[in-house]
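Visitor: Structure file upload_7.pdb, PDB, C-alpha atoms, pLDDT in the B column, is pasted below:
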```pdb
ATOM      1  CA  MET E   1      11.012 -13.828  12.104  1.00 88.00           C
ATOM      2  CA  THR E   2      12.816 -10.522  11.546  1.00 98.00           C
ATOM      3  CA  ILE E   3      10.526  -7.623  10.602  1.00 98.00           C
ATOM      4  CA  THR E   4      12.243  -4.942   8.507  1.00 98.00           C
ATOM      5  CA  PHE E   5      10.890  -1.551   7.451  1.00 98.00           C
ATOM      6  CA  ILE E   6      12.600   0.187   4.502  1.00 98.00           C
ATOM      7  CA  THR E   7      11.951   3.749   3.360  1.00 98.00           C
ATOM      8  CA  GLY E   8      12.237   4.725  -0.310  1.00 97.00           C
ATOM      9  CA  ALA E   9      11.938   1.079  -1.307  1.00 97.00           C
ATOM     10  CA  ASN E  10       9.906   1.289  -4.497  1.00 96.00           C
ATOM     11  CA  LYS E  11      13.067   1.308  -6.669  1.00 94.00           C
ATOM     12  CA  GLY E  12      16.859   1.300  -6.664  1.00 92.00           C
ATOM     13  CA  LEU E  13      18.810   0.329  -3.572  1.00 94.00           C
ATOM     14  CA  GLY E  14      15.720   0.207  -1.373  1.00 96.00           C
ATOM     15  CA  HIS E  15      13.874  -2.141  -3.711  1.00 96.00           C
ATOM     16  CA  GLU E  16      16.856  -4.453  -4.123  1.00 96.00           C
ATOM     17  CA  THR E  17      17.375  -4.507  -0.364  1.00 97.00           C
ATOM     18  CA  ALA E  18      13.721  -5.453   0.067  1.00 98.00           C
ATOM     19  CA  ARG E  19      14.083  -8.235  -2.499  1.00 98.00           C
ATOM     20  CA  ARG E  20      17.218  -9.674  -0.926  1.00 98.00           C
ATOM     21  CA  LEU E  21      15.966  -9.530   2.656  1.00 98.00           C
ATOM     22  CA  THR E  22      12.678 -11.142   1.632  1.00 98.00           C
ATOM     23  CA  GLU E  23      14.649 -14.005   0.103  1.00 97.00           C
ATOM     24  CA  LEU E  24      16.569 -14.301   3.383  1.00 98.00           C
ATOM     25  CA  GLY E  25      13.330 -14.736   5.313  1.00 98.00           C
ATOM     26  CA  HIS E  26      12.681 -11.240   6.618  1.00 98.00           C
ATOM     27  CA  THR E  27       9.138  -9.922   6.799  1.00 98.00           C
ATOM     28  CA  VAL E  28       9.720  -6.780   4.752  1.00 98.00           C
ATOM     29  CA  LEU E  29       7.538  -3.690   4.952  1.00 98.00           C
ATOM     30  CA  LEU E  30       8.081  -1.597   1.852  1.00 98.00           C
ATOM     31  CA  GLY E  31       7.846   2.125   2.542  1.00 98.00           C
ATOM     32  CA  ALA E  32       7.455   4.641  -0.274  1.00 98.00           C
ATOM     33  CA  ARG E  33       5.985   8.089  -0.841  1.00 97.00           C
ATOM     34  CA  ASN E  34       4.364   7.324  -4.190  1.00 97.00           C
ATOM     35  CA  HIS E  35       1.338   5.127  -3.549  1.00 97.00           C
ATOM     36  CA  LYS E  36       1.105   3.709  -7.072  1.00 98.00           C
ATOM     37  CA  ALA E  37       4.825   2.902  -7.361  1.00 97.00           C
ATOM     38  CA  GLY E  38       4.952   1.555  -3.820  1.00 98.00           C
ATOM     39  CA  THR E  39       1.957  -0.710  -4.324  1.00 98.00           C
ATOM     40  CA  ALA E  40       3.374  -2.065  -7.592  1.00 98.00           C
ATOM     41  CA  ALA E  41       6.802  -2.705  -6.056  1.00 98.00           C
ATOM     42  CA  ALA E  42       5.296  -4.463  -3.046  1.00 98.00           C
ATOM     43  CA  GLU E  43       3.175  -6.678  -5.287  1.00 98.00           C
ATOM     44  CA  ARG E  44       6.244  -7.643  -7.349  1.00 97.00           C
ATOM     45  CA  LEU E  45       8.089  -8.707  -4.221  1.00 98.00           C
ATOM     46  CA  GLY E  46       5.162 -10.200  -2.338  1.00 98.00           C
ATOM     47  CA  VAL E  47       5.556  -7.844   0.633  1.00 98.00           C
ATOM     48  CA  ARG E  48       3.325  -5.310   2.378  1.00 98.00           C
ATOM     49  CA  PHE E  49       3.313  -1.678   1.253  1.00 98.00           C
ATOM     50  CA  VAL E  50       3.212   1.060   3.879  1.00 98.00           C
ATOM     51  CA  PRO E  51       2.832   4.634   2.569  1.00 98.00           C
ATOM     52  CA  ILE E  52       5.359   7.065   4.047  1.00 98.00           C
ATOM     53  CA  ASP E  53       6.569  10.527   3.083  1.00 98.00           C
ATOM     54  CA  VAL E  54       9.580  11.170   5.307  1.00 98.00           C
ATOM     55  CA  THR E  55       9.162  14.957   4.919  1.00 98.00           C
ATOM     56  CA  ASP E  56       5.677  14.871   6.436  1.00 98.00           C
ATOM     57  CA  GLU E  57       5.311  14.354  10.199  1.00 98.00           C
ATOM     58  CA  ALA E  58       1.713  13.184   9.837  1.00 98.00           C
ATOM     59  CA  SER E  59       2.643  10.658   7.155  1.00 98.00           C
ATOM     60  CA  VAL E  60       5.521   9.261   9.216  1.00 98.00           C
ATOM     61  CA  SER E  61       3.308   9.005  12.299  1.00 98.00           C
ATOM     62  CA  ALA E  62       0.617   7.273  10.255  1.00 98.00           C
ATOM     63  CA  ALA E  63       3.141   4.773   8.912  1.00 98.00           C
ATOM     64  CA  ALA E  64       4.348   3.932  12.418  1.00 98.00           C
ATOM     65  CA  ALA E  65       0.744   3.566  13.589  1.00 98.00           C
ATOM     66  CA  ASP E  66       0.008   1.280  10.631  1.00 98.00           C
ATOM     67  CA  VAL E  67       2.928  -0.989  11.531  1.00 98.00           C
ATOM     68  CA  ALA E  68       1.992  -0.925  15.210  1.00 98.00           C
ATOM     69  CA  ALA E  69      -1.531  -2.053  14.318  1.00 98.00           C
ATOM     70  CA  HIS E  70      -0.461  -4.835  11.933  1.00 98.00           C
ATOM     71  CA  GLU E  71       2.951  -6.142  13.014  1.00 98.00           C
ATOM     72  CA  GLY E  72       3.209  -4.623  16.500  1.00 98.00           C
ATOM     73  CA  ALA E  73       6.987  -4.210  16.329  1.00 98.00           C
ATOM     74  CA  ILE E  74       9.956  -4.062  13.979  1.00 98.00           C
ATOM     75  CA  ASP E  75      13.488  -5.408  14.320  1.00 98.00           C
ATOM     76  CA  VAL E  76      15.262  -3.411  11.608  1.00 98.00           C
ATOM     77  CA  LEU E  77      14.695   0.115  10.283  1.00 98.00           C
ATOM     78  CA  ILE E  78      16.514   0.992   7.069  1.00 98.00           C
ATOM     79  CA  ASN E  79      16.516   4.743   6.397  1.00 98.00           C
ATOM     80  CA  ASN E  80      17.095   4.615   2.659  1.00 97.00           C
ATOM     81  CA  ALA E  81      14.913   7.416   1.225  1.00 97.00           C
ATOM     82  CA  GLY E  82      16.979  10.211  -0.278  1.00 95.00           C
ATOM     83  CA  ILE E  83      17.219  12.846  -3.003  1.00 94.00           C
ATOM     84  CA  SER E  84      20.237  14.324  -4.777  1.00 86.00           C
ATOM     85  CA  GLY E  85      19.286  17.958  -5.156  1.00 87.00           C
ATOM     86  CA  PRO E  86      20.864  20.242  -7.771  1.00 82.00           C
ATOM     87  CA  MET E  87      24.167  19.396  -9.415  1.00 78.00           C
ATOM     88  CA  GLY E  88      26.763  21.813 -10.778  1.00 75.00           C
ATOM     89  CA  GLU E  89      27.759  25.411 -10.168  1.00 72.00           C
ATOM     90  CA  ALA E  90      27.521  26.498  -6.542  1.00 79.00           C
ATOM     91  CA  GLU E  91      26.536  30.022  -7.616  1.00 80.00           C
ATOM     92  CA  ALA E  92      23.129  28.738  -8.684  1.00 84.00           C
ATOM     93  CA  LEU E  93      22.442  27.008  -5.368  1.00 90.00           C
ATOM     94  CA  THR E  94      19.706  28.494  -3.200  1.00 93.00           C
ATOM     95  CA  GLY E  95      18.869  28.107   0.454  1.00 94.00           C
ATOM     96  CA  GLN E  96      15.613  26.456  -0.526  1.00 96.00           C
ATOM     97  CA  ASP E  97      17.532  23.881  -2.596  1.00 93.00           C
ATOM     98  CA  VAL E  98      19.560  22.922   0.455  1.00 94.00           C
ATOM     99  CA  LEU E  99      16.592  22.861   2.799  1.00 97.00           C
ATOM    100  CA  GLU E 100      14.692  20.495   0.486  1.00 97.00           C
ATOM    101  CA  VAL E 101      17.585  18.023   0.406  1.00 96.00           C
ATOM    102  CA  LEU E 102      18.198  18.211   4.150  1.00 97.00           C
ATOM    103  CA  ASP E 103      14.483  17.736   4.768  1.00 98.00           C
ATOM    104  CA  VAL E 104      14.580  14.315   3.099  1.00 98.00           C
ATOM    105  CA  ASN E 105      18.122  13.106   3.740  1.00 98.00           C
ATOM    106  CA  VAL E 106      18.589  14.256   7.336  1.00 98.00           C
ATOM    107  CA  ALA E 107      15.361  15.493   8.919  1.00 98.00           C
ATOM    108  CA  GLY E 108      13.524  12.603   7.253  1.00 98.00           C
ATOM    109  CA  VAL E 109      15.798  10.155   9.053  1.00 98.00           C
ATOM    110  CA  VAL E 110      15.164  11.948  12.344  1.00 98.00           C
ATOM    111  CA  ARG E 111      11.379  11.872  11.863  1.00 98.00           C
ATOM    112  CA  THR E 112      11.324   8.212  10.884  1.00 98.00           C
ATOM    113  CA  THR E 113      13.716   7.037  13.576  1.00 98.00           C
ATOM    114  CA  ALA E 114      11.815   8.910  16.284  1.00 98.00           C
ATOM    115  CA  ALA E 115       8.450   7.523  15.152  1.00 98.00           C
ATOM    116  CA  PHE E 116       9.649   3.923  14.867  1.00 98.00           C
ATOM    117  CA  LEU E 117      11.820   3.849  17.993  1.00 98.00           C
ATOM    118  CA  PRO E 118       9.004   2.534  20.238  1.00 98.00           C
ATOM    119  CA  LEU E 119       8.429  -0.302  17.746  1.00 98.00           C
ATOM    120  CA  LEU E 120      12.156  -1.053  17.560  1.00 98.00           C
ATOM    121  CA  ARG E 121      12.384  -1.234  21.332  1.00 98.00           C
ATOM    122  CA  LYS E 122       9.955  -4.145  21.298  1.00 98.00           C
ATOM    123  CA  SER E 123      12.615  -6.171  19.463  1.00 98.00           C
ATOM    124  CA  GLY E 124      15.235  -8.304  21.171  1.00 96.00           C
ATOM    125  CA  ASP E 125      17.852  -6.921  18.775  1.00 97.00           C
ATOM    126  CA  PRO E 126      16.799  -3.520  17.399  1.00 98.00           C
ATOM    127  CA  VAL E 127      18.786  -2.241  14.429  1.00 98.00           C
ATOM    128  CA  VAL E 128      18.844   1.011  12.464  1.00 98.00           C
ATOM    129  CA  VAL E 129      20.728   1.262   9.167  1.00 98.00           C
ATOM    130  CA  ASN E 130      21.222   4.746   7.711  1.00 98.00           C
ATOM    131  CA  VAL E 131      22.112   4.797   4.022  1.00 97.00           C
ATOM    132  CA  THR E 132      24.722   7.528   3.659  1.00 94.00           C
ATOM    133  CA  SER E 133      27.386   8.032   0.957  1.00 84.00           C
ATOM    134  CA  GLY E 134      31.094   8.433   0.385  1.00 72.00           C
ATOM    135  CA  MET E 135      30.054  11.730  -1.183  1.00 71.00           C
ATOM    136  CA  GLY E 136      29.781  13.014   2.386  1.00 64.00           C
ATOM    137  CA  SER E 137      33.433  12.175   3.143  1.00 63.00           C
ATOM    138  CA  LEU E 138      36.063  14.924   3.226  1.00 63.00           C
ATOM    139  CA  GLU E 139      38.746  12.345   2.465  1.00 70.00           C
ATOM    140  CA  LEU E 140      37.049  10.783  -0.561  1.00 68.00           C
ATOM    141  CA  THR E 141      35.812  14.028  -2.111  1.00 58.00           C
ATOM    142  CA  HIS E 142      39.382  15.396  -1.965  1.00 63.00           C
ATOM    143  CA  ASP E 143      40.986  12.283  -3.464  1.00 58.00           C
ATOM    144  CA  PRO E 144      41.443  12.787  -7.248  1.00 69.00           C
ATOM    145  CA  SER E 145      41.575   9.034  -7.784  1.00 64.00           C
ATOM    146  CA  ARG E 146      38.024   8.625  -6.458  1.00 66.00           C
ATOM    147  CA  ALA E 147      34.794   9.195  -8.387  1.00 61.00           C
ATOM    148  CA  GLU E 148      33.452  11.099  -5.359  1.00 62.00           C
ATOM    149  CA  SER E 149      35.888  13.931  -6.085  1.00 51.00           C
ATOM    150  CA  GLN E 150      34.671  14.451  -9.656  1.00 62.00           C
ATOM    151  CA  LEU E 151      31.145  15.662  -8.923  1.00 69.00           C
ATOM    152  CA  VAL E 152      29.724  18.919  -7.591  1.00 64.00           C
ATOM    153  CA  LEU E 153      26.624  18.180  -5.508  1.00 74.00           C
ATOM    154  CA  PRO E 154      26.732  20.728  -2.683  1.00 83.00           C
ATOM    155  CA  ALA E 155      23.411  20.002  -1.024  1.00 87.00           C
ATOM    156  CA  TYR E 156      23.663  16.218  -1.326  1.00 87.00           C
ATOM    157  CA  THR E 157      27.232  15.976  -0.056  1.00 90.00           C
ATOM    158  CA  ALA E 158      26.449  18.256   2.887  1.00 91.00           C
ATOM    159  CA  SER E 159      23.390  16.171   3.750  1.00 94.00           C
ATOM    160  CA  LYS E 160      25.344  12.908   3.735  1.00 93.00           C
ATOM    161  CA  ALA E 161      28.112  14.386   5.896  1.00 92.00           C
ATOM    162  CA  ALA E 162      25.381  15.419   8.323  1.00 95.00           C
ATOM    163  CA  LEU E 163      23.791  11.962   8.211  1.00 96.00           C
ATOM    164  CA  THR E 164      27.024  10.182   9.094  1.00 95.00           C
ATOM    165  CA  MET E 165      27.488  12.462  12.103  1.00 95.00           C
ATOM    166  CA  LEU E 166      23.838  12.020  13.062  1.00 97.00           C
ATOM    167  CA  THR E 167      24.456   8.272  13.076  1.00 97.00           C
ATOM    168  CA  THR E 168      27.345   8.559  15.548  1.00 96.00           C
ATOM    169  CA  GLN E 169      25.283  10.789  17.809  1.00 97.00           C
ATOM    170  CA  TYR E 170      22.332   8.401  17.775  1.00 98.00           C
ATOM    171  CA  ALA E 171      24.700   5.517  18.546  1.00 98.00           C
ATOM    172  CA  LYS E 172      25.912   7.369  21.643  1.00 97.00           C
ATOM    173  CA  ALA E 173      22.471   8.514  22.739  1.00 98.00           C
ATOM    174  CA  LEU E 174      20.613   5.228  22.137  1.00 98.00           C
ATOM    175  CA  PRO E 175      22.851   2.440  23.464  1.00 97.00           C
ATOM    176  CA  ASP E 176      19.951  -0.031  23.455  1.00 97.00           C
ATOM    177  CA  VAL E 177      19.695   0.181  19.646  1.00 98.00           C
ATOM    178  CA  ARG E 178      22.461  -0.805  17.179  1.00 98.00           C
ATOM    179  CA  ILE E 179      22.722   2.146  14.783  1.00 98.00           C
ATOM    180  CA  ASN E 180      25.155   2.179  11.866  1.00 98.00           C
ATOM    181  CA  ALA E 181      25.663   3.877   8.516  1.00 97.00           C
ATOM    182  CA  VAL E 182      26.299   2.380   5.082  1.00 96.00           C
ATOM    183  CA  ASP E 183      28.141   3.731   2.084  1.00 92.00           C
ATOM    184  CA  PRO E 184      26.706   1.670  -0.808  1.00 88.00           C
ATOM    185  CA  GLY E 185      29.374   2.875  -3.241  1.00 73.00           C
ATOM    186  CA  TYR E 186      28.906   4.211  -6.766  1.00 64.00           C
ATOM    187  CA  THR E 187      26.003   2.068  -7.915  1.00 60.00           C
ATOM    188  CA  ALA E 188      24.076   2.138 -11.190  1.00 46.00           C
ATOM    189  CA  THR E 189      20.586   3.415 -10.282  1.00 57.00           C
ATOM    190  CA  ASP E 190      18.067   6.005 -11.495  1.00 57.00           C
ATOM    191  CA  PHE E 191      19.651   8.295  -8.896  1.00 58.00           C
ATOM    192  CA  ASN E 192      22.769   8.775 -11.081  1.00 56.00           C
ATOM    193  CA  GLY E 193      21.430   7.891 -14.520  1.00 58.00           C
ATOM    194  CA  HIS E 194      22.778   4.348 -14.115  1.00 54.00           C
ATOM    195  CA  SER E 195      26.342   5.648 -14.434  1.00 54.00           C
ATOM    196  CA  GLY E 196      27.799   3.776 -11.460  1.00 56.00           C
ATOM    197  CA  PRO E 197      30.109   0.777 -12.058  1.00 58.00           C
ATOM    198  CA  GLN E 198      28.479  -1.350  -9.329  1.00 66.00           C
ATOM    199  CA  THR E 199      25.314  -3.359  -9.838  1.00 85.00           C
ATOM    200  CA  VAL E 200      22.381  -2.613  -7.581  1.00 79.00           C
ATOM    201  CA  THR E 201      22.980  -5.959  -5.880  1.00 89.00           C
ATOM    202  CA  GLU E 202      26.586  -5.013  -5.126  1.00 88.00           C
ATOM    203  CA  GLY E 203      25.360  -1.660  -3.853  1.00 88.00           C
ATOM    204  CA  THR E 204      23.142  -3.351  -1.281  1.00 94.00           C
ATOM    205  CA  ASP E 205      25.774  -5.757   0.070  1.00 94.00           C
ATOM    206  CA  ALA E 206      26.627  -3.631   3.108  1.00 93.00           C
ATOM    207  CA  ILE E 207      22.982  -2.781   3.823  1.00 96.00           C
ATOM    208  CA  VAL E 208      22.050  -6.456   3.845  1.00 97.00           C
ATOM    209  CA  GLN E 209      25.081  -7.270   5.990  1.00 96.00           C
ATOM    210  CA  LEU E 210      24.084  -4.798   8.702  1.00 97.00           C
ATOM    211  CA  ALA E 211      20.448  -5.886   8.561  1.00 97.00           C
ATOM    212  CA  THR E 212      21.362  -9.547   9.076  1.00 97.00           C
ATOM    213  CA  GLU E 213      24.551  -9.621  11.166  1.00 96.00           C
ATOM    214  CA  GLY E 214      22.786 -10.358  14.467  1.00 92.00           C
ATOM    215  CA  PRO E 215      23.531  -9.382  18.085  1.00 93.00           C
ATOM    216  CA  GLY E 216      26.964  -8.598  19.437  1.00 91.00           C
ATOM    217  CA  HIS E 217      28.171  -6.184  16.774  1.00 95.00           C
ATOM    218  CA  GLY E 218      29.112  -2.561  17.322  1.00 95.00           C
ATOM    219  CA  SER E 219      27.116   0.630  16.944  1.00 97.00           C
ATOM    220  CA  GLY E 220      28.219   3.903  15.383  1.00 96.00           C
ATOM    221  CA  ARG E 221      30.092   2.241  12.508  1.00 95.00           C
ATOM    222  CA  LEU E 222      30.403   3.245   8.856  1.00 94.00           C
ATOM    223  CA  VAL E 223      30.461   0.188   6.590  1.00 93.00           C
ATOM    224  CA  ASP E 224      30.834  -0.412   2.861  1.00 88.00           C
ATOM    225  CA  ARG E 225      30.738  -3.679   0.944  1.00 84.00           C
ATOM    226  CA  ASP E 226      34.392  -4.346   1.777  1.00 83.00           C
ATOM    227  CA  GLY E 227      33.983  -3.868   5.513  1.00 84.00           C
ATOM    228  CA  GLU E 228      34.230  -1.161   8.160  1.00 87.00           C
ATOM    229  CA  ILE E 229      35.744   2.149   7.064  1.00 82.00           C
ATOM    230  CA  THR E 230      36.899   5.241   8.907  1.00 78.00           C
ATOM    231  CA  TRP E 231      34.898   8.428   9.194  1.00 69.00           C
ATOM    232  CA  GLY E 232      36.773  10.828   6.952  1.00 62.00           C
TER     233      GLY E 232
END
```
Would you write out, as structure tokens, the structure that this file holds?
Guide:
Amino acid sequence: MTITFITGANKGLGHETARRLTELGHTVLLGARNHKAGTAAAERLGVRFVPIDVTDEASVSAAAADVAAHEGAIDVLINNAGISGPMGEAEALTGQDVLEVLDVNVAGVVRTTAAFLPLLRKSGDPVVVNVTSGMGSLELTHDPSRAESQLVLPAYTASKAALTMLTTQYAKALPDVRINAVDPGYTATDFNGHSGPQTVTEGTDAIVQLATEGPGHGSGRLVDRDGEITWG
């Protein structure tokens, strides 16, 4: 049975991914920072809650130790936890604003991946899925026909550009683990005030695909719900 750990899974894309993978037979471990929300979400889905704050080294280490003690290994790690940071005029942006977003969206992925790598390496087919965004694409954010070009989110867009590059570097450095990135697309969630045209199920299509595709597929890819896309 495939064991899958998902960060930021108490709501939105993470929660829907947990629901769908549970239905597909995965043993899902629901990671979340908020203990009350995480416990409630796990109870709704009938999965196990594992507390994790991806900005806290001790919390991440404790989560990995918890999984090591209970499950002993994982097959899939989905780095989904993320924050948007401030939106609007760049003049109001501070260094602290940027650091807070990078701490979750980039450094949080590094902390979690590093802590769970020994557990992944106990799998016959270890997989890491990093949830990035088209908002980190130079091509899409410069295309006036795309929704990505209409928003000003300096810290978030920079963090997602960094995460896509981090994914390619991990794919090169860790050839024994299949590591890919997902652009969910503009999905209606709390993250954007439910303004996206996609349903949360549509937004998780590519995440579920990468979590279930099985051995023999490539690493270092960027995928959306329509298939593999270029790094732009």
Visitor: Find, counting only C-alpha atoms, the residue in E:Gly108, E:Gly218, E:Gly72, E:Gly31 that gets nearest to Thr17 of chain E.
Guide: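 Ranked by minimum distance to Thr17 of chain E, first place goes to E:Gly31.
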Visitor: With distances taken over only C-alpha atoms, which of E:Leu120, E:Val104, E:Gly203, E:Ser159 is nearest to Glu57 of chain E?
Guide: E:Val104
Visitor: Quick one, how far is atom CA of Asp125 of chain E from atom CA of Glu213 of chain E?
Guide: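 It comes out at 10.5 Å.
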Visitor: Could you tell me, as a list in words, exactly which residues end up selected when the PyMOL selection byres ((chain E and resi 87) around 9) is applied to this structure?
Guide: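 What the PyMOL selection byres ((chain E and resi 87) around 9) grabs from the file is Ser84, Gly85, Pro86, Gly88, Glu89, Ala90, Leu93, Leu151, Val152, Leu153, Pro154, Ala155 and Tyr156 of chain E.
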Visitor: List the neighbours of Thr7 of chain E out to 8 Å using all atoms listed in the file; skip same-chain residues closer than 6 positions along the sequence, and give me the result as a VMD selection string.
Guide: chain E and resid 14 30 to 32 52 78 to 81
Visitor: List the residues sitting within 10 Å of (12.2, -1.8, 7.4) in the file's frame, using all atoms listed in the file, as a list in words.
Guide: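 The requested residues, written out, are Thr2, Ile3, Thr4, Phe5, Ile6, Thr7, Ala9, Gly14, Thr17, Ala18, Leu21, His26, Thr27, Val28, Leu29, Leu30, Gly31, Ile74, Asp75, Val76, Leu77, Ile78, Asn79, Asn80, Phe116, Val127, Val128, Val129 and Ala211 of chain E.
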Visitor: Skipping near chain neighbours, those fewer than 4 positions away, what residues fall within 12 Å of Glu228 of chain E using only C-alpha atoms, listed as a PyMOL selection string?
Guide: chain E and resi 180-183+206+209-210+217-224
Visitor: Could the residues in this selection be saved with C-alpha atoms as a PDB file, in the coordinates of the input?
Guide:
```pdb
ATOM      1  CA  ASN E 180      25.155   2.179  11.866  1.00 98.00           C
ATOM      2  CA  ALA E 181      25.663   3.877   8.516  1.00 97.00           C
ATOM      3  CA  VAL E 182      26.299   2.380   5.082  1.00 96.00           C
ATOM      4  CA  ASP E 183      28.141   3.731   2.084  1.00 92.00           C
ATOM      5  CA  ALA E 206      26.627  -3.631   3.108  1.00 93.00           C
ATOM      6  CA  GLN E 209      25.081  -7.270   5.990  1.00 96.00           C
ATOM      7  CA  LEU E 210      24.084  -4.798   8.702  1.00 97.00           C
ATOM      8  CA  HIS E 217      28.171  -6.184  16.774  1.00 95.00           C
ATOM      9  CA  GLY E 218      29.112  -2.561  17.322  1.00 95.00           C
ATOM     10  CA  SER E 219      27.116   0.630  16.944  1.00 97.00           C
ATOM     11  CA  GLY E 220      28.219   3.903  15.383  1.00 96.00           C
ATOM     12  CA  ARG E 221      30.092   2.241  12.508  1.00 95.00           C
ATOM     13  CA  LEU E 222      30.403   3.245   8.856  1.00 94.00           C
ATOM     14  CA  VAL E 223      30.461   0.188   6.590  1.00 93.00           C
ATOM     15  CA  ASP E 224      30.834  -0.412   2.861  1.00 88.00           C
TER      16      ASP E 224
END
```
Visitor: Which one is closest to Lys160 of chain E: E:Ile207, E:Ala173, E:Ala114, E:Val106? Count only C-alpha atoms.
Guide: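 Nearest to Lys160 of chain E: E:Val106.
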Visitor: Could you jot down the atom CA of Glu43 of chain E to atom CA of Arg19 of chain E separation for me, Å, one decimal place?
Guide: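 For atom CA of Glu43 of chain E relative to atom CA of Arg19 of chain E, the distance reads 11.4 Å.
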Visitor: Which is closer to His15 of chain E than all the others in E:Val109, E:Ala73, E:Val208, E:Ile229, using all atoms listed in the file?
Guide: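 Ranking E:Val109, E:Ala73, E:Val208, E:Ile229 by distance to His15 of chain E, first place goes to E:Val208.
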